[in-house]
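Q: For reference, the file protein13.cif (mmCIF, C-alpha atoms and all ligand atoms) is included below:
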```cif
data_structure
loop_
_atom_site.label_atom_id
_atom_site.label_comp_id
_atom_site.auth_asym_id
_atom_site.auth_seq_id
_atom_site.Cartn_x
_atom_site.Cartn_y
_atom_site.Cartn_z
CA MET A 114 0.00 0.00 0.00
CA LYS A 115 1.20 3.47 -0.84
CA ASN A 116 2.17 5.88 1.94
CA VAL A 117 2.38 3.38 4.75
CA ILE A 118 4.68 4.01 7.67
CA LYS A 119 5.48 1.67 10.53
CA ASN A 120 5.19 2.82 14.06
CA SER A 121 8.15 0.98 15.53
CA SER A 122 6.98 0.97 19.16
CA LYS A 123 3.74 -0.88 18.58
CA GLN A 124 4.22 -2.09 15.03
CA ASN A 125 1.09 -0.25 14.00
CA THR A 126 0.87 0.86 10.42
CA PHE A 127 -0.71 4.05 9.23
CA SER A 128 -2.12 4.59 5.81
CA LEU A 129 -1.78 8.22 4.96
CA PRO A 130 -4.90 9.63 3.30
CA LYS A 131 -5.31 10.01 -0.41
CA GLY A 132 -7.85 10.67 -3.18
CA LYS A 133 -11.22 11.92 -2.02
CA TRP A 134 -10.10 12.50 1.59
CA LEU A 135 -7.40 14.91 0.43
CA LYS A 136 -9.74 16.71 -1.95
CA ASP A 137 -12.42 17.14 0.73
CA PHE A 138 -9.90 18.19 3.35
CA ARG A 139 -8.41 20.91 1.16
CA GLN A 140 -11.80 22.27 0.18
CA LYS A 141 -13.18 22.33 3.72
CA LEU A 142 -10.05 23.84 5.21
CA LEU A 143 -9.83 26.65 2.66
CA ALA A 144 -13.55 27.42 2.92
CA TRP A 145 -13.20 27.66 6.70
CA TYR A 146 -10.08 29.83 6.41
CA ALA A 147 -11.83 32.26 4.07
CA GLU A 148 -14.20 33.01 6.96
CA HIS A 149 -11.97 32.65 9.99
CA ALA A 150 -8.39 33.61 9.07
CA ARG A 151 -6.65 35.38 11.93
CA ILE A 152 -5.67 38.95 11.14
CA LEU A 153 -2.03 39.24 12.09
CA PRO A 154 0.49 41.97 11.23
CA TRP A 155 2.69 39.65 9.17
CA ARG A 156 -0.14 38.08 7.21
CA GLY A 157 -0.40 40.72 4.49
CA THR A 158 3.11 40.39 3.14
CA THR A 159 5.09 38.15 0.82
CA ASP A 160 8.35 39.98 1.58
CA PRO A 161 10.64 37.08 2.56
CA TYR A 162 12.60 39.28 5.00
CA LYS A 163 9.45 40.23 6.91
CA VAL A 164 8.12 36.67 6.83
CA TRP A 165 11.48 35.47 8.17
CA VAL A 166 11.60 38.01 11.01
CA SER A 167 8.04 37.11 12.06
CA GLU A 168 8.71 33.38 11.94
CA ILE A 169 11.85 33.67 14.08
CA MET A 170 10.05 35.89 16.60
CA LEU A 171 7.12 33.47 16.78
CA GLN A 172 9.29 30.50 17.75
CA GLN A 173 8.17 29.52 21.28
CA THR A 174 6.44 32.89 21.64
CA THR A 175 2.78 33.86 21.38
CA THR A 176 1.45 36.05 18.56
CA ALA A 177 0.23 38.61 21.14
CA ALA A 178 3.74 38.95 22.60
CA VAL A 179 5.35 39.29 19.16
CA GLU A 180 3.19 42.03 17.60
CA GLY A 181 4.82 45.09 19.19
CA TYR A 182 8.33 43.69 18.72
CA TYR A 183 7.66 42.92 15.07
CA TYR A 184 6.73 46.52 14.22
CA ARG A 185 9.56 48.08 16.22
CA PHE A 186 12.17 45.70 14.82
CA LEU A 187 11.14 46.27 11.21
CA GLU A 188 11.01 50.01 11.68
CA ARG A 189 14.63 50.04 12.85
CA PHE A 190 15.87 47.17 10.62
CA PRO A 191 13.68 47.30 7.49
CA ASN A 192 15.89 45.00 5.37
CA PRO A 193 18.81 42.55 5.64
CA GLN A 194 21.35 45.35 5.02
CA THR A 195 20.31 47.51 7.98
CA LEU A 196 20.22 44.46 10.22
CA ALA A 197 23.63 43.23 9.06
CA GLU A 198 25.22 46.65 9.65
CA ALA A 199 23.86 47.05 13.20
CA GLU A 200 25.89 46.41 16.35
CA ASP A 201 25.13 43.14 18.19
CA SER A 202 24.14 45.11 21.27
CA GLU A 203 21.56 47.17 19.37
CA VAL A 204 19.93 44.08 17.85
CA LEU A 205 19.70 42.56 21.33
CA ARG A 206 18.25 45.81 22.70
CA TYR A 207 15.39 45.54 20.16
CA TRP A 208 14.87 41.91 21.25
CA GLU A 209 14.99 42.66 24.97
CA GLY A 210 12.07 41.05 26.81
CA LEU A 211 11.17 38.65 23.98
CA GLY A 212 13.39 35.90 25.42
CA TYR A 213 15.37 33.12 23.73
CA TYR A 214 18.03 35.66 22.80
CA ARG A 215 19.96 33.18 20.70
CA ARG A 216 17.28 33.78 18.04
CA ALA A 217 18.34 37.43 17.77
CA VAL A 218 22.02 36.49 17.56
CA GLN A 219 21.28 33.97 14.78
CA LEU A 220 19.02 36.43 12.94
CA HIS A 221 21.83 38.98 12.98
CA ARG A 222 24.34 36.39 11.72
CA ALA A 223 21.97 35.29 8.98
CA ALA A 224 21.49 38.90 7.81
CA LYS A 225 25.27 39.15 7.42
CA VAL A 226 25.25 35.95 5.35
CA ILE A 227 22.45 37.33 3.15
CA VAL A 228 24.50 40.47 2.51
CA SER A 229 27.86 38.75 1.99
CA GLU A 230 26.73 35.64 0.10
CA HIS A 231 23.47 36.63 -1.56
CA ASN A 232 24.12 40.26 -2.45
CA GLY A 233 21.59 41.43 0.13
CA GLN A 234 18.77 39.52 -1.59
CA PHE A 235 16.89 37.00 0.51
CA PRO A 236 17.57 33.59 -1.12
CA ASP A 237 14.59 31.95 -2.83
CA ALA A 238 15.79 28.33 -2.95
CA CYS A 239 14.58 26.34 0.04
CA ASP A 240 17.99 24.67 0.57
CA LYS A 241 19.69 28.07 0.68
CA ILE A 242 17.12 29.41 3.14
CA LEU A 243 17.65 26.30 5.26
CA ALA A 244 21.40 26.95 5.26
CA LEU A 245 20.97 30.34 6.99
CA PRO A 246 21.91 30.43 10.70
CA GLY A 247 18.94 29.72 12.97
CA VAL A 248 16.65 28.48 10.17
CA GLY A 249 15.17 25.00 10.54
CA ARG A 250 12.89 22.98 8.29
CA TYR A 251 9.71 24.61 9.58
CA THR A 252 10.95 28.18 9.08
CA ALA A 253 12.37 27.41 5.63
CA GLY A 254 9.04 25.82 4.64
CA ALA A 255 7.05 28.79 5.89
CA ILE A 256 9.20 31.34 4.04
CA SER A 257 9.28 29.29 0.81
CA SER A 258 5.53 28.74 0.75
CA ILE A 259 4.41 32.19 1.92
CA ALA A 260 6.96 34.39 0.16
CA TYR A 261 7.92 32.29 -2.88
CA HIS A 262 4.75 30.24 -3.48
CA GLN A 263 6.65 26.96 -3.32
CA ARG A 264 5.04 23.67 -2.36
CA THR A 265 6.92 23.25 0.91
CA PRO A 266 5.31 21.73 4.01
CA ILE A 267 5.42 23.11 7.53
CA LEU A 268 5.20 21.38 10.87
CA GLU A 269 5.10 23.22 14.19
CA ALA A 270 3.26 22.85 17.49
CA ASN A 271 -0.23 23.56 16.08
CA THR A 272 0.11 21.39 12.99
CA ILE A 273 1.79 18.56 14.90
CA ARG A 274 -1.31 18.39 17.09
CA LEU A 275 -3.72 18.77 14.16
CA HIS A 276 -2.11 16.09 11.98
CA ALA A 277 -1.66 13.71 14.91
CA ARG A 278 -5.39 14.00 15.60
CA LEU A 279 -6.45 13.72 11.96
CA LEU A 280 -4.54 10.43 11.81
CA ALA A 281 -5.29 9.36 15.42
CA TYR A 282 -1.57 8.80 15.87
CA PRO A 283 -1.33 7.27 19.36
CA ASP A 284 2.35 7.79 20.27
CA ASP A 285 4.47 10.84 20.98
CA PRO A 286 4.37 12.72 17.64
CA THR A 287 7.60 14.56 18.38
CA LYS A 288 9.70 11.37 18.42
CA SER A 289 11.43 10.41 15.19
CA VAL A 290 8.86 7.89 13.84
CA GLY A 291 5.91 10.16 14.54
CA ASN A 292 7.75 13.23 13.33
CA LYS A 293 8.59 11.54 10.03
CA LEU A 294 4.98 10.45 9.59
CA LEU A 295 3.64 13.95 10.28
CA TRP A 296 6.08 15.60 7.87
CA GLN A 297 4.78 13.20 5.21
CA MET A 298 1.24 14.16 6.14
CA ALA A 299 2.10 17.88 6.06
CA GLU A 300 3.43 17.52 2.51
CA LEU A 301 0.64 15.26 1.33
CA VAL A 302 -2.20 17.58 2.34
CA LEU A 303 -0.81 20.56 0.42
CA PRO A 304 -2.72 21.33 -2.78
CA GLU A 305 -1.15 19.74 -5.81
CA GLN A 306 -1.11 22.94 -7.82
CA ASN A 307 -0.59 26.54 -6.90
CA ASN A 308 -3.97 28.09 -7.56
CA ASN A 309 -3.54 31.84 -7.74
CA THR A 310 -7.09 32.66 -8.61
CA GLN A 311 -8.57 32.94 -5.15
CA ASN A 312 -7.88 35.37 -2.36
CA HIS A 313 -8.66 33.53 0.87
CA GLY A 314 -8.93 35.65 3.96
CA ARG A 315 -8.71 39.36 4.33
CA ASN A 316 -5.65 41.24 3.22
CA GLU A 317 -4.02 38.02 1.99
CA PRO A 318 -1.64 37.54 -0.90
CA ASN A 319 -2.62 34.99 -3.54
CA THR A 320 -0.34 32.15 -2.62
CA GLN A 321 -2.21 28.91 -2.33
CA TYR A 322 0.60 26.99 -0.61
CA GLY A 323 1.35 29.78 1.83
CA ILE A 324 -2.34 30.28 2.52
CA PHE A 325 -2.86 26.58 2.96
CA ASN A 326 -0.03 26.34 5.49
CA GLN A 327 -1.41 29.34 7.37
CA ALA A 328 -4.89 27.80 7.32
CA LEU A 329 -3.50 24.60 8.88
CA MET A 330 -1.83 26.61 11.65
CA ASP A 331 -4.96 28.66 12.29
CA LEU A 332 -7.15 25.57 12.52
CA GLY A 333 -4.69 24.05 14.97
CA SER A 334 -4.43 27.17 17.12
CA MET A 335 -8.12 28.22 17.03
CA VAL A 336 -10.13 25.00 16.84
CA CYS A 337 -7.95 21.94 17.36
CA VAL A 338 -6.56 23.38 20.59
CA PRO A 339 -4.58 21.27 23.09
CA LYS A 340 -7.36 20.89 25.67
CA SER A 341 -10.99 20.32 24.66
CA PRO A 342 -10.72 20.82 20.89
CA ASP A 343 -13.83 22.41 19.40
CA CYS A 344 -14.78 19.42 17.22
CA PHE A 345 -18.37 20.63 17.03
CA ASN A 346 -17.25 23.63 14.98
CA CYS A 347 -14.38 21.93 13.18
CA PRO A 348 -14.70 21.98 9.37
CA VAL A 349 -12.91 18.63 9.01
CA VAL A 350 -14.61 16.70 11.82
CA LYS A 351 -15.93 14.06 9.43
CA LEU A 352 -12.41 13.40 8.18
CA CYS A 353 -10.80 13.18 11.61
CA GLN A 354 -9.94 9.76 13.01
CA THR A 355 -9.54 11.11 16.54
CA ALA A 356 -13.04 12.63 16.53
CA LEU A 357 -14.51 9.47 15.01
CA LYS A 358 -12.93 7.37 17.77
CA GLY A 359 -13.61 9.88 20.55
CA LEU A 360 -9.93 10.04 21.49
CA GLN A 361 -9.56 13.82 21.83
CA ASP A 362 -8.26 13.59 25.39
CA ALA A 363 -5.66 10.96 24.54
CA ILE A 364 -4.22 12.34 21.29
CA PRO A 365 -1.65 13.67 20.87
CA ALA A 366 0.14 11.57 23.47
CA LEU A 367 1.47 13.99 26.04
CA LYS A 368 5.17 14.30 26.50
CA LYS A 369 6.37 13.56 30.00
CA GLU A 370 6.12 16.71 32.04
CA GLN A 371 9.40 18.50 32.27
CA ASN A 372 10.97 18.27 35.69
CA PHE A 373 11.81 21.74 36.84
CA GLU A 374 14.85 22.26 39.01
CA GLU A 375 14.73 24.83 41.79
CA ARG A 376 17.72 27.11 41.77
CA SER A 377 18.89 30.06 43.82
CA GLU A 378 20.88 32.94 42.31
CA ALA A 379 21.97 36.35 43.53
CA ALA A 380 22.57 39.62 41.68
CA LEU A 381 24.51 42.60 43.01
CA VAL A 382 23.67 46.26 42.50
CA ILE A 383 27.04 48.00 42.84
CA GLU A 384 27.02 51.78 42.56
CA LYS A 385 30.01 54.14 42.72
CA ASN A 386 30.04 57.84 41.88
CA GLY A 387 26.66 57.64 40.18
CA LYS A 388 27.66 54.71 37.95
CA TYR A 389 26.61 51.08 38.15
CA LEU A 390 28.85 48.10 37.57
CA MET A 391 27.39 45.98 34.76
CA MET A 392 28.74 42.78 33.23
CA ARG A 393 28.15 41.29 29.80
CA TYR A 394 27.51 37.57 29.33
CA PRO A 395 30.09 36.02 27.01
CA GLU A 396 29.48 33.64 24.08
CA GLY A 397 28.39 30.15 25.01
CA VAL A 398 26.56 30.97 28.25
CA ARG A 399 22.93 31.75 29.01
CA TRP A 400 22.02 35.28 27.82
CA ALA A 401 25.18 35.58 25.67
CA GLY A 402 25.64 39.18 24.55
CA LEU A 403 23.22 40.68 27.11
CA TRP A 404 24.22 42.89 30.03
CA ASP A 405 23.23 42.31 33.65
CA PHE A 406 24.06 43.20 37.21
CA PRO A 407 26.83 40.84 38.42
CA ARG A 408 24.98 37.59 39.05
CA HIS A 409 25.81 34.01 39.93
CA VAL A 410 24.23 30.83 41.23
CA VAL A 411 24.12 30.39 45.01
CA LEU A 412 24.75 26.88 46.33
CA SER A 413 25.21 27.54 50.03
CA GLU A 414 22.50 28.25 52.56
CA LYS A 415 24.77 30.62 54.51
CA PRO A 416 24.02 34.35 54.46
CA LEU A 417 25.45 35.66 51.21
CA GLU A 418 28.21 37.70 52.86
CA TYR A 419 29.64 34.45 54.32
CA ASP A 420 29.28 32.47 51.07
CA THR A 421 32.89 32.47 49.89
CA ASP A 422 32.13 30.39 46.75
CA PHE A 423 29.63 32.98 45.57
CA CYS A 424 31.87 35.94 46.42
CA LEU A 425 34.88 34.35 44.68
CA ALA A 426 32.80 33.53 41.58
CA ILE A 427 31.63 37.17 41.34
CA GLN A 428 35.19 38.35 42.00
CA ARG A 429 36.47 36.31 39.03
CA MET A 430 33.70 37.60 36.79
CA ILE A 431 34.20 41.30 37.53
CA GLY A 432 37.81 41.44 38.79
CA TYR A 433 36.94 43.18 42.10
CA LYS A 434 36.64 41.98 45.67
CA ILE A 435 33.16 42.74 46.94
CA ALA A 436 31.24 43.39 50.13
CA ILE A 437 27.53 42.60 50.38
CA LEU A 438 25.57 45.49 51.94
CA SER A 439 21.80 44.92 52.17
CA PRO A 440 19.01 42.99 50.45
CA LEU A 441 17.04 44.77 47.73
CA THR A 442 14.41 42.42 46.33
CA THR A 443 13.52 38.85 45.33
CA ILE A 444 12.39 37.92 41.82
CA ARG A 445 11.09 34.48 40.87
CA HIS A 446 11.29 33.43 37.24
CA SER A 447 11.88 30.43 35.00
CA VAL A 448 14.59 29.85 32.43
CA THR A 449 14.46 26.59 30.43
CA ARG A 450 14.21 23.84 33.09
CA PHE A 451 15.16 26.05 36.03
CA LYS A 452 12.77 27.75 38.44
CA ILE A 453 14.98 30.48 39.76
CA THR A 454 14.72 32.50 42.94
CA LEU A 455 16.88 35.56 42.31
CA ASN A 456 17.82 37.63 45.35
CA ALA A 457 19.20 41.07 44.53
CA TYR A 458 21.46 42.89 46.99
CA PHE A 459 23.16 46.23 47.21
CA ALA A 460 26.92 45.67 47.34
CA GLU A 461 30.16 47.57 46.92
CA THR A 462 33.49 46.87 45.29
CA LEU A 463 36.66 46.78 47.37
CA GLU A 464 40.06 46.64 45.71
CA LYS A 465 40.65 45.48 42.14
CA CYS A 466 42.17 42.01 42.34
CA SER A 467 42.39 40.49 38.86
CA LYS A 468 41.44 40.87 35.23
CA SER A 469 37.69 40.34 34.88
CA GLU A 470 36.56 37.20 33.08
CA TYR A 471 33.49 39.03 31.79
CA GLU A 472 33.38 42.34 29.94
CA ILE A 473 32.41 44.97 32.52
CA GLN A 474 31.41 48.62 32.34
CA TRP A 475 30.58 51.35 34.87
CA VAL A 476 27.37 52.78 33.44
CA LYS A 477 25.60 56.04 34.25
CA GLU A 478 21.99 55.66 35.31
CA LYS A 479 20.69 57.40 32.19
CA ASP A 480 22.74 55.08 29.95
CA LEU A 481 21.29 51.89 31.42
CA ALA A 482 18.30 52.35 29.12
CA LYS A 483 20.61 51.92 26.10
CA LEU A 484 22.03 48.58 27.26
CA ALA A 485 20.38 45.31 26.26
CA LEU A 486 19.54 43.73 29.62
CA ASN A 487 17.89 40.44 30.46
CA THR A 488 14.38 40.76 31.88
CA THR A 489 15.41 40.51 35.53
CA GLY A 490 18.20 43.03 35.03
CA ARG A 491 15.67 45.48 33.61
CA LYS A 492 13.31 44.80 36.54
CA ILE A 493 16.09 45.51 39.02
CA THR A 494 16.85 48.87 37.38
CA LYS A 495 13.21 49.82 38.01
CA LEU A 496 12.83 48.29 41.46
CA CYS A 497 15.83 50.00 43.00
CA LYS A 498 14.82 53.31 41.40
CA LEU A 499 18.13 53.87 39.74
S1 LIG B 501 -12.40 17.15 14.69
FE1 LIG B 501 -11.63 17.81 16.67
S2 LIG B 501 -9.81 16.61 17.01
FE2 LIG B 501 -10.29 16.45 14.84
S3 LIG B 501 -9.10 18.05 13.84
FE3 LIG B 501 -11.10 18.93 14.29
S4 LIG B 501 -10.89 19.88 16.30
FE4 LIG B 501 -9.15 18.52 16.02
#
```
Once you've parsed the file, please lay out its structure as structure tokens.
A:
Amino acid sequence: MKNVIKNSSKQNTFSLPKGKWLKDFRQKLLAWYAEHARILPWRGTTDPYKVWVSEIMLQQTTTAAVEGYYYRFLERFPNPQTLAEAEDSEVLRYWEGLGYYRRAVQLHRAAKVIVSEHNGQFPDACDKILALPGVGRYTAGAISSIAYHQRTPILEANTIRLHARLLAYPDDPTKSVGNKLLWQMAELVLPEQNNNTQNHGRNEPNTQYGIFNQALMDLGSMVCVPKSPDCFNCPVVKLCQTALKGLQDAIPALKKEQNFEERSEAALVIEKNGKYLMMRYPEGVRWAGLWDFPRHVVLSEKPLEYDTDFCLAIQRMIGYKIAILSPLTTIRHSVTRFKITLNAYFAETLEKCSKSEYEIQWVKEKDLAKLALNTTGRKITKLCKL
């Protein structure tokens, strides 16, 4: 049988849909999308640079959080040239608060590649897009289909869930067997020809493949939601194996919950002559390229002033001996698998004792606004009324 894939864990086989199912699915999805397409700032463009910026910003970030950043970023960096010519620190400043800062670093690197290797023109071949720093198969597929009208599939959180349910795939769809199956499904469902005669949705370009991919994502994010999918209002309910079998609560199979690790860290607000000692995270560590108040993990339960490991670690980072003065505030936040309790203290520097391992700068209060800080660093600047 054509299009059969083995599920190695249970030796199940799945027949991917074909013929009438595909025809019905495409028709129903596009008809639904014509009525329900989300209106998003990046939906009205086929400019590959803008599509790329939006797709990178949207990775692991909600559309609501991205909107403001998208406009501000494009206003300052309207094309690959302006982005490539900018300083790292300025790019990070425009990304500040959006999180996952490595995305901004990779975006900046990729803009330099576009300028140096592609004459400033965004490449149109999918393999060349895929070769850009920070671009994976999903992003390359989205740019190719939306900006260049190519028949390239996409698979991200919403479409993984949607396709897994359409097929009633019982195992973890993010593991290699499931992932391979769903990529096949994502390619199979795309229309066979690029039909440029219809304009689905409001303010949409005529790109059938791009529109189709966006329709899949919208159905996944608006109707086939993680908990309690709205099957009653789903345009493809009669084609959905999960709905037919009543397995909505079981599919997709949930990944094991991530085990968070509690962690304690401390940050020091060190002021001298109206300037604040700031350090910059080097390459290869969390928040690379961003500035922060001197900060390190705390392993001891002793009061911080008696924690020699912490004080020595800070000393190596900034090149000064320090004295802890008084507590300022506590901030709780999460980074990847860590749930962090960050205690901020006022402190002072004593004598200089070595070359600092990190880049440091004494920064005037008014200039702190120009530095790209991590979110907690920015909060501290406000909380201590610098
Ligand atoms: S019928 Fe329900 S489970 Fe199936 S795709 Fe639609 S919303 Fe998702």
Q: What residues of the protein or nucleic acid chains come within 10 Å of ligand LIG 501 (chain B) when you use only C-alpha atoms and all ligand atoms? Reply as a PyMOL selection string.
A: chain A and resi 272+274-281+329+332-362+364-365
Q: Nearest residue to A:Pro246 out of A:Ala328, A:Val218, A:Leu403, A:Leu441, using all atoms listed in the file?
A: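 Nearest candidate to A:Pro246 out of A:Ala328, A:Val218, A:Leu403, A:Leu441: A:Val218.
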Q: Please return as a list of chain:residue names every residue within 8 Å of (5.3, 20.9, 8.7), taking into account only C-alpha atoms and the file's own coordinates.
A: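 So the residues meeting the distance criterion are A:Arg250, A:Tyr251, A:Gly254, A:Pro266, A:Ile267, A:Leu268, A:Glu269, A:Thr272, A:Ile273, A:Leu295, A:Trp296, A:Ala299, A:Glu300.
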Q: Please determine, counting all atoms listed in the file, which residue among A:Trp400, A:Gln428, A:Phe325, A:Pro161 has the shortest atom-to-atom distance to A:Ala253.
A: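 Looking at the shortest contact to A:Ala253, the residue is A:Pro161.
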Q: Can you measure atom CA of A:Val228 to atom CA of A:Gly323 for me? One decimal in Å is fine.
A: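 One can read the atom CA of A:Val228 to atom CA of A:Gly323 distance as 25.5 Å.
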Q: Using only C-alpha atoms, collect all residues at a distance of at most 9 Å from (23.4, 30.5, 40.2) as written in the file, then present them as a list in words.
A: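 In the file's frame, the residues around the point are Arg376, Ser377, Glu378, Ala379, Arg408, His409, Val410, Val411, Leu412, Phe423, Ile453 and Leu455 of chain A.
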Q: Extract, using all atoms listed in the file, all DNA, RNA and protein residues at most 12 Å from A:Glu305, discarding same-chain residues fewer than 4 positions from it, and format them as a VMD selection string.
A: chain A and resid 131 to 132 135 to 136 139 263 to 266 300 to 301 321 to 322 325
Q: Which residue is closest to A:Phe451? Choose from A:Glu375, A:Lys293, A:Leu367, A:Met298 and count all atoms listed in the file.
A: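 Closest residue, counting all atoms listed in the file: A:Glu375.
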Q: Rank A:Lys492, A:Ile227, A:Ala401, A:Val164 by their smallest atom-to-atom distance to A:Arg445, using only C-alpha atoms, and report the top residue only.
A: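 The shortest atom-to-atom distance to A:Arg445 comes from A:Lys492.
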Q: Between A:Tyr282, A:Lys385, A:Ala426, A:Gln306, which has the minimum distance to A:Phe127 (counting all atoms listed in the file)?
A: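 When distances to A:Phe127 are compared using all atoms listed in the file, the smallest one comes from A:Tyr282.
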Q: As a ChimeraX atom specification, please: the residues near A:Ala223 (cut-off 10 Å, all atoms listed in the file, same-chain neighbours under 2 positions excluded).
A: /A:193,196-197,217-221,225-229,242,244-248
Q: Grab the atom CA of A:Leu486 to atom CA of A:Arg206 distance for me, in Å with one decimal place.
A: 7.3 Å
Q: If I take atom CA of A:Ser289 and atom CA of A:Pro130, how far is one from the other in Å, to one decimal?
A: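 Atom CA of A:Pro130 lies at a distance of 20.2 Å from atom CA of A:Ser289.
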Q: Around all of stretch 373-387 of chain A's listed atoms, make the axis-aligned box with 5 Å on each side and tell me centre and edge lengths in Å to one decimal, as AutoDock Vina command-line options.
A:
```
--center_x 20.9 --center_y 39.8 --center_z 40.3 --size_x 28.2 --size_y 46.1 --size_z 17.0
```
Q: Identify which of the residues A:Asp160, A:Val290, A:Gly233, A:Thr176 lies closest to A:Ser258, counting only C-alpha atoms when measuring atom-to-atom distances.
A: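 Nearest to A:Ser258: A:Asp160.
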